[in-house]
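Down below is the structure, laid out as structure tokens.
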Amino acid sequence: MHAFPYLSLLVIVPLIGAIAAALLAKAAPSAARTAALVAAGVEFALVVAMILQFKTIGSFQFTSQHAWASDLSIQWNVGIDGISLFLVAMTVLVIPVVLLGAQVAERGAAFAAWLLLLEAAAVAAFVSLDLMLFFIAFEVTLVPSYFLIARYGHERRNYAAVKFFVMTFLGSAFLLVGILVLAFIHSGQTGHLTFALSELRHTTLSSGTGIWLSLAFLAAFAVKAPLFPFHTWSPTTYREAPAGGSMVLSAVLAKLGTYGILRFNLTLFPQASKTLAPLVLTLATIGILYGAIVASAQKDMKRLVAYSSLAQVGFIVLGTFTMSKQGLTGAVTMMVNHGIITAAFFMLIGWIAQRRGGWDTTMLRGLQRPAPVLAAVFTVVMLASIGLPGLNGFVGEFLVLLGTFATHRWWGVVATFGVLVAAVYWLWNYQQVFHGDADEANDQMPDLTIRERLVVAPLIVLIVVLGVYPKFMLDRIEPSVARTVATVVHASPTPGSHVVIPSSTRLGGDR
Amino acid sequence: MNVLTMPSISYSALAPILFLLLGGVAIMAISALRRRPLSSTATTTLTLIASVSALVASLIEWAHVSTSPATSTIAGALAVDGFSVTIAITVSCATILATLFAHHYLERMAIASAEYHVLALTAAAGAVVMGAANDLVVVFLGLELLSIALYVLVALNRKSQASEEAALKYFILGGFASAIFVFGIAFTYGATGSTNLQTIGNTLSASVAEKPSILLIGLALLLVGFCFKIAAVPFHLWTPDVYQGAPTPVTGFMAAVAKVGGFAALIRVLLAGLPTARSSWEPVLTAMAMATLLGGALLMVVQKDAKRMLAYSSINHAGFLMLGIVASSSAGLSADLFYLFTYSVATLGTFGILTMVATASDDDAGLSRLRGLATKHPVLAGSLTVLILTQAGVPLTTGFIAKFGVIEAAIGSSAVPLSIVAMVSAAIATFAYLRFVLNLYAAPEGDLQSLDLDGSTTSPTAVVGVAITVAVSIFFGVVPSLLLGLTSTASNHLLP
């Protein structure tokens, strides 16, 4: 069957855009920016076409398979299901918004090239059905992120860039070893070496090996997500990165971590995931509370969003590890919605910073009067983040809590406090920044320009539409989630299997 | 009168060695006969002709060995197999690249170019011999051919005290290592009655060694000799000083060719000659590999000098290469061959660019000197970034495929703890590599004029060299199958 190669194009189009933008950056910066925008636009159109053709079945669609590095058993093996579809859609929406909304105009072309490279790698990671292909894409995202932070960031950008790169790289070190150990156990059982998800999921693992491997995978994803206590890079990085960088990092890249947990940990190690669930649920709950409490104490708005994201990611992981249908559907929905919300936050803060030269709440006051549109947009985004019914943030959070109450009641009870605190710190922050009497500097602040209003409009529309009518998305997510849940539920303990790579159980956890 | 029977000699197999040596001899002879020294363009051209001929000869030989079973020539002294030919290809390529980078440097520093080229060709011939050596005595022959030429090369910049000091240090420590190695040969001979690797292997597999303790002493001494050459911790102490003191193009040449030669011989001796003693050498090698990986990575982080940092980086790479030996499988062998080739190219390119940005004084290779290179030479800085990221093992570069290959092989042989140590060391090393890259893009401090490049950035040979190294590092990173096919064929053609 030679169907239209949507997924391969999804990776190739931004790559071509990136190369074109990089080549044109010097000679014709404006042409380079146009090329980048065209690539991002084509990419978006492709995804829209895909969503329209997407069937509400659980299995992978638009699959394609080609030999790549066959000597190393790595394959170009991609496919998309309800879980990855909307993450890809969110990614291809955020990228053009960043391109249009970010304000590093003078160095725009190189910035756009890095951004498109990041888009290609992130999309490739979301659609990979080969573990090594996923790993490669997962790692490749680091390079453009690193340059986005280090070249366009704020005062301590170098520190932030290196901290981000090294912590993530260290996490993925365990992931690589984990993937290889799993593949060799599988090849010991079947006689051929492969990294295909569809085959590796049938590997028989002893419970001890399963737990170690599961921890190795978690090490990488927990850092990327970030899950408490592996989050220490995120406040620094989100603060120091340029506005566009923070948008992509928190909206798209962080989702690679939560997506990895959902896709790989649950599918490959269902039994071990059940065993580890109390631990992970506890970490997620701590993250929710810790993130909320620390966010309340922030005067720096970007750090506030970073800690609020930590809490949101806690909810996503909580939903994932309930291993219930509601929980997982909630987690996927929340990944998409959190991406949209957090991208909008960082863009708005970027615009405020551009006008006022900073984003500390201490220097901002009474912005509502000079900038009513900005205040209104901020209010919508904030209410979505708090989880107001009728806006998109509510849907995922509600489903996650529903799933948690049904399966792990007490964690659900504790996590609910996180929702309350979120309302407190956001409203408090809003009060500080937008209410009160503005001094002269604040009073002179211009409101959003027409262009800025147009750029932020799609995000606001989605926040409302996905809140009012989540059914379209949920219908497509649910069948795929049901498949994943079935894997976990049907996984029976395998005490009888004695597949142990000697020594693999001695080392290999995340520390 | 005894009639001396000549053993059969396969000249096509010897051709790469002969071309390299002939090139060296030709340059030496012409220089001696002429009244005025040869121009550097002439010597560079001759060297390129010799090394390209060696490369072509190896490629022709490859067509032959890849389809027929492995044999040996000159009465079993040299192996003719896929492995030896791959090493010859690697060394020839490294010599070509090193020559491209050295050309302008030698002119600028007013160093007699004939000397450099003669010695480099001799050293390259030594490395090729080591890759093919099927007899411990021949290994020693290759080792000395390589080492003695390198001692002199390190001292080539006679105006620099650092160069002289480095050469002396290298010479004295290297001399000791060679002596220990010879002792190792003697003990192994005592235990097995032969220096030929096949005979040793057959003796050991047919019966338990008559004097196991003597064999163990021999093995230990051989390992010490090798580990000095490949700069494995704890025999690495000479590396940073020598790398720093040697003229920069020589450092690049040494980092590539000496490592290729050392590893090639070590692999053949352990896997072809002493596979039955694996239980004895594997734990030792595993422990040393761990120390090498972590030592290299950790010490890299604290370096302030670019050449010293790259010295520790080469130590870290040696640790990764040891993973392939510990795996002792054909996958490990193939991964090591891929690693050796791609590492040589990337490291030559890195030192090549350092050569281009060095000034006439050359002794200041501090990281701060490279600060702000991107502002003045964005293309050069971009190329250096690619090469450094290749060394760090970022995907879509050869560095990733190389590291992935050895780790895949190691895990395939159940060396999981070692693999974890390797990956952690890679993460630590990444920190140092990134700091290096950041420095290139940082705002230049004060006077940008200090970054005076003497026009070497426009040296056509060096530019070609940079272009080749960058292209190879990316191309085989994206399309690795081409090169992997070659190395995996080679790994299945190792003379048993």
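Letters A, B, ... go to the chains of the structure tokens in the order shown; residues in each chain start at 1; ligands are counted from 1 in the same order.
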Please tabulate, as a Markdown table, the residues of chain A that come within 6 Å of chain B, each with its closest pair of atoms and the distance in Å to one decimal, counting only C-alpha atoms and ordering rows by chain, then residue number upward.
| residue | atom | partner | partner_atom | distance |
| --- | --- | --- | --- | --- |
| A:Ala69 | CA | B:Ser481 | CA | 5.3 |
| A:Ile136 | CA | B:Pro395 | CA | 5.8 |
| A:Val140 | CA | B:Pro395 | CA | 5.9 |
| A:Phe169 | CA | B:Ala427 | CA | 5.8 |
| A:Leu170 | CA | B:Ala427 | CA | 5.2 |
| A:Ala173 | CA | B:Met423 | CA | 5.1 |
| A:Ser504 | CA | B:Val416 | CA | 5.8 |
Counting only C-alpha atoms, what is within 10 Å of range 177-179 of chain B, bar same-chain residues fewer than 5 positions away, as JSON, numbers by chain?
{"B": [140, 143, 144, 147, 171, 172, 184, 185, 221, 222, 223, 224, 225, 226, 227, 228, 229, 235]}
Selection above as a file: N, CA and C atoms, as a compact mmCIF listing (two decimals), in the first residue's frame:
# COMPACT_ATOMS: atom_id res chain seq x y z
N PHE B 140 55.85 -5.35 17.41
CA PHE B 140 56.87 -4.49 18.01
C PHE B 140 57.57 -3.65 16.94
N LEU B 143 55.26 -0.92 16.07
CA LEU B 143 55.16 -0.01 17.21
C LEU B 143 56.34 0.94 17.24
N GLU B 144 57.54 0.40 17.02
CA GLU B 144 58.72 1.24 17.09
C GLU B 144 58.81 2.18 15.89
N SER B 147 56.41 4.83 16.87
CA SER B 147 56.77 5.63 18.04
C SER B 147 57.97 6.51 17.79
N PHE B 171 59.37 10.45 24.91
CA PHE B 171 60.42 9.52 24.55
C PHE B 171 60.78 8.61 25.72
N ILE B 172 60.99 9.22 26.89
CA ILE B 172 61.44 8.43 28.04
C ILE B 172 60.35 7.45 28.46
N GLY B 184 57.08 -8.52 27.67
CA GLY B 184 55.82 -9.25 27.50
C GLY B 184 55.92 -10.28 26.39
N ILE B 185 56.55 -9.87 25.28
CA ILE B 185 56.74 -10.81 24.17
C ILE B 185 57.56 -12.00 24.63
N LEU B 221 52.28 -7.74 30.93
CA LEU B 221 53.28 -6.82 30.40
C LEU B 221 52.88 -6.29 29.02
N LEU B 222 52.32 -7.19 28.19
CA LEU B 222 51.84 -6.75 26.87
C LEU B 222 50.77 -5.68 27.02
N LEU B 223 49.85 -5.93 27.96
CA LEU B 223 48.77 -4.97 28.16
C LEU B 223 49.30 -3.61 28.59
N VAL B 224 50.31 -3.63 29.48
CA VAL B 224 50.88 -2.36 29.93
C VAL B 224 51.45 -1.60 28.73
N GLY B 225 52.17 -2.32 27.88
CA GLY B 225 52.75 -1.69 26.70
C GLY B 225 51.70 -1.07 25.81
N PHE B 226 50.65 -1.84 25.56
CA PHE B 226 49.57 -1.34 24.70
C PHE B 226 48.84 -0.16 25.34
N CYS B 227 48.54 -0.32 26.63
CA CYS B 227 47.73 0.71 27.28
C CYS B 227 48.46 2.04 27.34
N PHE B 228 49.79 1.97 27.35
CA PHE B 228 50.53 3.23 27.26
C PHE B 228 50.27 3.88 25.92
N LYS B 229 50.33 3.06 24.85
CA LYS B 229 50.15 3.62 23.50
C LYS B 229 48.75 4.18 23.30
N PHE B 235 47.70 4.57 32.53
CA PHE B 235 48.96 4.76 31.77
C PHE B 235 48.85 5.97 30.84
Non-local contacts of Ala21 in chain A (8 Å; only C-alpha atoms; under 4 positions in same chain excluded) as a compact mmCIF listing (two decimals) with N, CA and C atoms, in the first residue's frame:
# COMPACT_ATOMS: atom_id res chain seq x y z
N GLY A 17 12.79 23.40 5.44
CA GLY A 17 12.64 24.79 5.86
C GLY A 17 13.84 25.27 6.66
N ALA A 25 20.01 32.80 5.60
CA ALA A 25 20.07 33.70 6.76
C ALA A 25 20.95 34.92 6.51
N ALA A 31 13.83 36.72 3.14
CA ALA A 31 13.47 35.53 2.38
C ALA A 31 13.58 34.30 3.27
N ALA A 32 14.59 34.29 4.13
CA ALA A 32 14.79 33.15 5.02
C ALA A 32 13.60 33.00 5.96
N ARG A 33 13.15 34.13 6.49
CA ARG A 33 12.01 34.09 7.40
C ARG A 33 10.76 33.62 6.67
N ALA A 35 10.71 31.68 4.06
CA ALA A 35 10.85 30.24 3.82
C ALA A 35 10.46 29.45 5.06
N ALA A 36 10.93 29.93 6.21
CA ALA A 36 10.62 29.24 7.46
C ALA A 36 9.12 29.24 7.71
N ALA A 109 16.37 34.88 11.26
CA ALA A 109 16.52 33.77 10.33
C ALA A 109 17.15 32.55 10.99
N ALA A 110 18.27 32.77 11.72
CA ALA A 110 18.93 31.64 12.38
C ALA A 110 18.02 31.05 13.44
N ALA A 112 14.83 31.01 13.39
CA ALA A 112 13.79 30.22 12.72
C ALA A 112 14.34 28.87 12.28
N ALA A 113 15.60 28.85 11.83
CA ALA A 113 16.19 27.58 11.38
C ALA A 113 16.28 26.59 12.54
Fewer than 4 positions away in the same chain doesn't count, so skip those; otherwise give me all residues within 8 Å of Thr342 in chain B, counting only C-alpha atoms, as an MDAnalysis selection string.
chainID B and resid 338 346 398:399 402 472:473
Only N, CA and C atoms, please: the residues just picked out, written as a compact mmCIF listing (two decimals), in the first residue's frame.
# COMPACT_ATOMS: atom_id res chain seq x y z
N PHE B 338 34.58 1.15 12.98
CA PHE B 338 33.82 2.36 12.64
C PHE B 338 34.25 3.52 13.52
N ALA B 346 37.21 13.08 12.86
CA ALA B 346 36.73 14.20 13.68
C ALA B 346 37.87 14.86 14.45
N THR B 398 28.62 11.12 13.07
CA THR B 398 29.23 9.80 13.18
C THR B 398 29.51 9.45 14.64
N GLY B 399 29.72 10.46 15.47
CA GLY B 399 30.03 10.19 16.87
C GLY B 399 28.94 9.39 17.55
N ALA B 402 29.02 5.77 16.28
CA ALA B 402 30.19 5.08 16.82
C ALA B 402 29.95 4.67 18.27
N VAL B 472 32.32 14.30 6.15
CA VAL B 472 32.34 12.88 6.54
C VAL B 472 31.59 12.70 7.86
N SER B 473 31.81 13.62 8.82
CA SER B 473 31.19 13.47 10.13
C SER B 473 29.68 13.54 10.05
CA of Thr34 in chain A and CA of Gly101 in chain A are how many Å apart?
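Result for CA of Thr34 in chain A versus CA of Gly101 in chain A: 14.1 Å, one decimal.
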To test your reading of the structure, identify every residue in range 244-471 of chain A that backbone DSSP assigns to helix (DSSP H, G or I), and report it as number ranges by chain.
A: 244-268, 270-296, 301-322, 325-356, 372-386, 392-407, 409-434, 440-443, 450-468, 471
Taking 3 positions as the minimum chain separation for residues in the same chain, which residues sit within 6 Å of range 358-366 of chain A when counting only C-alpha atoms? Answer as a ChimeraX atom specification.
/A:299-301,353,433-438
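Comparing B:Ser51, B:Thr292, B:Thr99, B:Ser8 by their smallest distance to Pro249 in chain B, the closest is B:Thr99 (using only C-alpha atoms).
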Shell of 12 Å around Ser72 in chain B, only C-alpha atoms, local chain residues under 4 positions omitted, as a list of chain:residue names:
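Listed by chain and then number, they are B:Pro7, B:Ser8, B:Ile9, B:Ser10, B:Tyr11, B:Ala13, B:Leu14, B:Val65, B:Gly76, B:Ala77, B:Leu78, B:Ala79, B:Val80, B:Asp81, B:Gly82, B:Ser84, B:Ala132, B:Ala133, B:Asn134, B:Asp135, B:Asn196, B:Leu197, B:Gln198, B:His493, B:Leu494, B:Leu495, B:Pro496.
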Can I get the selection written as a short mmCIF file (atom, residue, chain, number, x, y, z; two decimals), in the first residue's frame, with N, CA and C atoms?
data_model
loop_
_atom_site.label_atom_id
_atom_site.label_comp_id
_atom_site.auth_asym_id
_atom_site.auth_seq_id
_atom_site.Cartn_x
_atom_site.Cartn_y
_atom_site.Cartn_z
N PRO B 7 60.08 -16.86 1.60
CA PRO B 7 58.64 -17.11 1.78
C PRO B 7 57.87 -16.37 0.69
N SER B 8 56.64 -16.80 0.45
CA SER B 8 55.84 -16.11 -0.57
C SER B 8 55.44 -14.73 -0.06
N ILE B 9 55.50 -13.78 -0.93
CA ILE B 9 55.18 -12.41 -0.54
C ILE B 9 54.06 -11.90 -1.42
N SER B 10 53.00 -11.40 -0.77
CA SER B 10 51.91 -10.81 -1.55
C SER B 10 52.14 -9.31 -1.61
N TYR B 11 52.67 -8.88 -2.77
CA TYR B 11 53.02 -7.46 -2.86
C TYR B 11 51.80 -6.55 -2.86
N ALA B 13 49.27 -6.92 -1.02
CA ALA B 13 48.90 -6.67 0.38
C ALA B 13 49.87 -5.71 1.03
N LEU B 14 51.13 -5.75 0.58
CA LEU B 14 52.13 -4.86 1.19
C LEU B 14 52.09 -3.46 0.58
N VAL B 65 40.16 -8.85 -0.53
CA VAL B 65 40.03 -9.56 0.75
C VAL B 65 38.58 -9.71 1.19
N GLY B 76 53.62 -15.84 7.42
CA GLY B 76 52.76 -15.63 8.58
C GLY B 76 53.06 -14.39 9.38
N ALA B 77 53.92 -13.50 8.85
CA ALA B 77 54.26 -12.31 9.62
C ALA B 77 53.15 -11.27 9.56
N LEU B 78 52.55 -11.12 8.39
CA LEU B 78 51.51 -10.11 8.22
C LEU B 78 50.21 -10.78 7.80
N ALA B 79 49.12 -10.34 8.42
CA ALA B 79 47.81 -10.88 8.05
C ALA B 79 47.29 -10.10 6.85
N VAL B 80 46.59 -10.80 5.97
CA VAL B 80 45.92 -10.14 4.86
C VAL B 80 44.44 -10.42 5.05
N ASP B 81 43.76 -9.54 5.74
CA ASP B 81 42.34 -9.77 5.99
C ASP B 81 41.60 -8.43 5.98
N GLY B 82 40.29 -8.49 6.09
CA GLY B 82 39.48 -7.28 6.04
C GLY B 82 39.89 -6.28 7.09
N SER B 84 42.92 -5.81 8.52
CA SER B 84 44.16 -5.09 8.24
C SER B 84 43.95 -4.05 7.15
N ALA B 132 48.32 -4.96 10.60
CA ALA B 132 48.40 -6.22 9.89
C ALA B 132 49.24 -7.25 10.63
N ALA B 133 50.01 -6.78 11.64
CA ALA B 133 51.00 -7.65 12.29
C ALA B 133 50.34 -8.90 12.85
N ASN B 134 50.90 -10.03 12.44
CA ASN B 134 50.33 -11.31 12.86
C ASN B 134 51.32 -12.03 13.76
N ASP B 135 52.32 -11.30 14.22
CA ASP B 135 53.38 -11.89 15.01
C ASP B 135 53.81 -10.83 16.01
N ASN B 196 54.14 -16.16 16.95
CA ASN B 196 53.10 -16.03 15.93
C ASN B 196 51.73 -16.15 16.59
N LEU B 197 50.84 -15.23 16.24
CA LEU B 197 49.56 -15.17 16.95
C LEU B 197 48.73 -16.43 16.74
N GLN B 198 48.76 -16.99 15.49
CA GLN B 198 47.97 -18.19 15.26
C GLN B 198 48.52 -19.36 16.08
N HIS B 493 36.18 -10.80 8.60
CA HIS B 493 37.38 -11.27 7.93
C HIS B 493 38.61 -10.99 8.77
N LEU B 494 38.58 -11.51 10.00
CA LEU B 494 39.75 -11.38 10.86
C LEU B 494 40.43 -12.73 10.87
N LEU B 495 41.73 -12.73 10.55
CA LEU B 495 42.47 -13.98 10.55
C LEU B 495 42.33 -14.63 11.91
N PRO B 496 41.78 -15.83 12.00
CA PRO B 496 41.51 -16.41 13.32
C PRO B 496 42.78 -16.75 14.07
#
For range 163-165 of chain A, work out the shell of residues within 8 Å, counting only C-alpha atoms and skipping chain neighbours fewer than 4 positions away, then give it as an MDAnalysis selection string.
chainID A and resid 142 146 159 169 233:234 237
Residues from last step as file, C-alpha atoms, as a compact mmCIF listing (two decimals), in the first residue's frame:
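part_24.txt, freshly written:
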# COMPACT_ATOMS: atom_id res chain seq x y z
CA LEU A 142 18.71 18.92 22.56
CA TYR A 146 20.70 24.34 23.43
CA TYR A 159 24.56 28.28 32.64
CA PHE A 169 21.67 13.93 28.44
CA TRP A 233 16.79 22.52 35.44
CA SER A 234 13.37 23.79 34.46
CA THR A 237 15.99 27.17 31.81
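If you look at CA of Pro96 in chain A and CA of Leu133 in chain A, they are 25.2 Å away from each other.
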Could you work out how far CA of Val92 in chain A lies from CA of Phe44 in chain A, giving the answer in Å with one decimal?
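Separation between CA of Phe44 in chain A and CA of Val92 in chain A: 5.5 Å.
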Mind the document's chain letters and residue numbers, and return as JSON, numbers by chain the residues of range 37-194 of chain A that DSSP labels strand (DSSP E).
{"A": [61, 62, 63, 64, 65, 66, 67, 68, 69, 74, 75, 76, 77, 78, 79, 80]}
Any chance you could export the current selection's N, CA and C atoms as a PDB file, in the first residue's frame?
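again31.pdb, freshly written:
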ATOM      1  N   GLN A  61      -2.000   4.661  12.570  1.00  0.00           N
ATOM      2  CA  GLN A  61      -2.384   4.966  11.196  1.00  0.00           C
ATOM      3  C   GLN A  61      -1.242   5.695  10.498  1.00  0.00           C
ATOM      4  N   PHE A  62      -1.388   5.830   9.215  1.00  0.00           N
ATOM      5  CA  PHE A  62      -0.377   6.519   8.392  1.00  0.00           C
ATOM      6  C   PHE A  62       1.008   5.910   8.578  1.00  0.00           C
ATOM      7  N   THR A  63       1.067   4.607   8.863  1.00  0.00           N
ATOM      8  CA  THR A  63       2.371   4.011   9.159  1.00  0.00           C
ATOM      9  C   THR A  63       3.244   3.948   7.910  1.00  0.00           C
ATOM     10  N   SER A  64       4.532   4.040   8.114  1.00  0.00           N
ATOM     11  CA  SER A  64       5.459   3.803   7.010  1.00  0.00           C
ATOM     12  C   SER A  64       6.751   3.257   7.586  1.00  0.00           C
ATOM     13  N   GLN A  65       7.397   2.435   6.789  1.00  0.00           N
ATOM     14  CA  GLN A  65       8.540   1.684   7.291  1.00  0.00           C
ATOM     15  C   GLN A  65       9.611   1.614   6.223  1.00  0.00           C
ATOM     16  N   HIS A  66      10.825   2.014   6.551  1.00  0.00           N
ATOM     17  CA  HIS A  66      11.932   1.916   5.600  1.00  0.00           C
ATOM     18  C   HIS A  66      13.171   1.486   6.357  1.00  0.00           C
ATOM     19  N   ALA A  67      14.064   0.805   5.646  1.00  0.00           N
ATOM     20  CA  ALA A  67      15.343   0.454   6.268  1.00  0.00           C
ATOM     21  C   ALA A  67      16.170   1.718   6.414  1.00  0.00           C
ATOM     22  N   TRP A  68      16.871   1.845   7.513  1.00  0.00           N
ATOM     23  CA  TRP A  68      17.779   2.984   7.629  1.00  0.00           C
ATOM     24  C   TRP A  68      19.166   2.454   7.935  1.00  0.00           C
ATOM     25  N   ALA A  69      19.535   2.351   9.194  1.00  0.00           N
ATOM     26  CA  ALA A  69      20.851   1.806   9.522  1.00  0.00           C
ATOM     27  C   ALA A  69      20.644   0.333   9.843  1.00  0.00           C
ATOM     28  N   ILE A  74      18.375  -0.372  13.208  1.00  0.00           N
ATOM     29  CA  ILE A  74      17.493   0.775  13.405  1.00  0.00           C
ATOM     30  C   ILE A  74      16.656   0.969  12.140  1.00  0.00           C
ATOM     31  N   GLN A  75      15.368   1.206  12.321  1.00  0.00           N
ATOM     32  CA  GLN A  75      14.468   1.354  11.181  1.00  0.00           C
ATOM     33  C   GLN A  75      13.773   2.696  11.213  1.00  0.00           C
ATOM     34  N   TRP A  76      13.440   3.190  10.010  1.00  0.00           N
ATOM     35  CA  TRP A  76      12.531   4.332   9.925  1.00  0.00           C
ATOM     36  C   TRP A  76      11.131   3.731   9.991  1.00  0.00           C
ATOM     37  N   ASN A  77      10.510   3.811  11.163  1.00  0.00           N
ATOM     38  CA  ASN A  77       9.260   3.103  11.407  1.00  0.00           C
ATOM     39  C   ASN A  77       8.356   4.060  12.162  1.00  0.00           C
ATOM     40  N   VAL A  78       7.411   4.667  11.426  1.00  0.00           N
ATOM     41  CA  VAL A  78       6.594   5.706  12.056  1.00  0.00           C
ATOM     42  C   VAL A  78       5.108   5.398  11.899  1.00  0.00           C
ATOM     43  N   GLY A  79       4.342   5.951  12.779  1.00  0.00           N
ATOM     44  CA  GLY A  79       2.891   5.788  12.758  1.00  0.00           C
ATOM     45  C   GLY A  79       2.299   6.720  13.807  1.00  0.00           C
ATOM     46  N   ILE A  80       1.014   6.961  13.691  1.00  0.00           N
ATOM     47  CA  ILE A  80       0.414   7.915  14.609  1.00  0.00           C
ATOM     48  C   ILE A  80      -0.901   7.327  15.113  1.00  0.00           C
TER      49      ILE A  80
END
Taking only C-alpha atoms into account, which of B:His236, B:Arg35, B:Arg369, B:His64 comes nearest Gly174 in chain B?
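Between B:His236, B:Arg35, B:Arg369, B:His64, the residue approaching Gly174 in chain B most closely is B:His236.
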Just checking: using only C-alpha atoms, which residue out of B:Pro275, B:Pro234, B:Pro16, B:Gly175 ends up closest to Gly319 in chain B?
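Among B:Pro275, B:Pro234, B:Pro16, B:Gly175, it is B:Pro234 that comes nearest to Gly319 in chain B.
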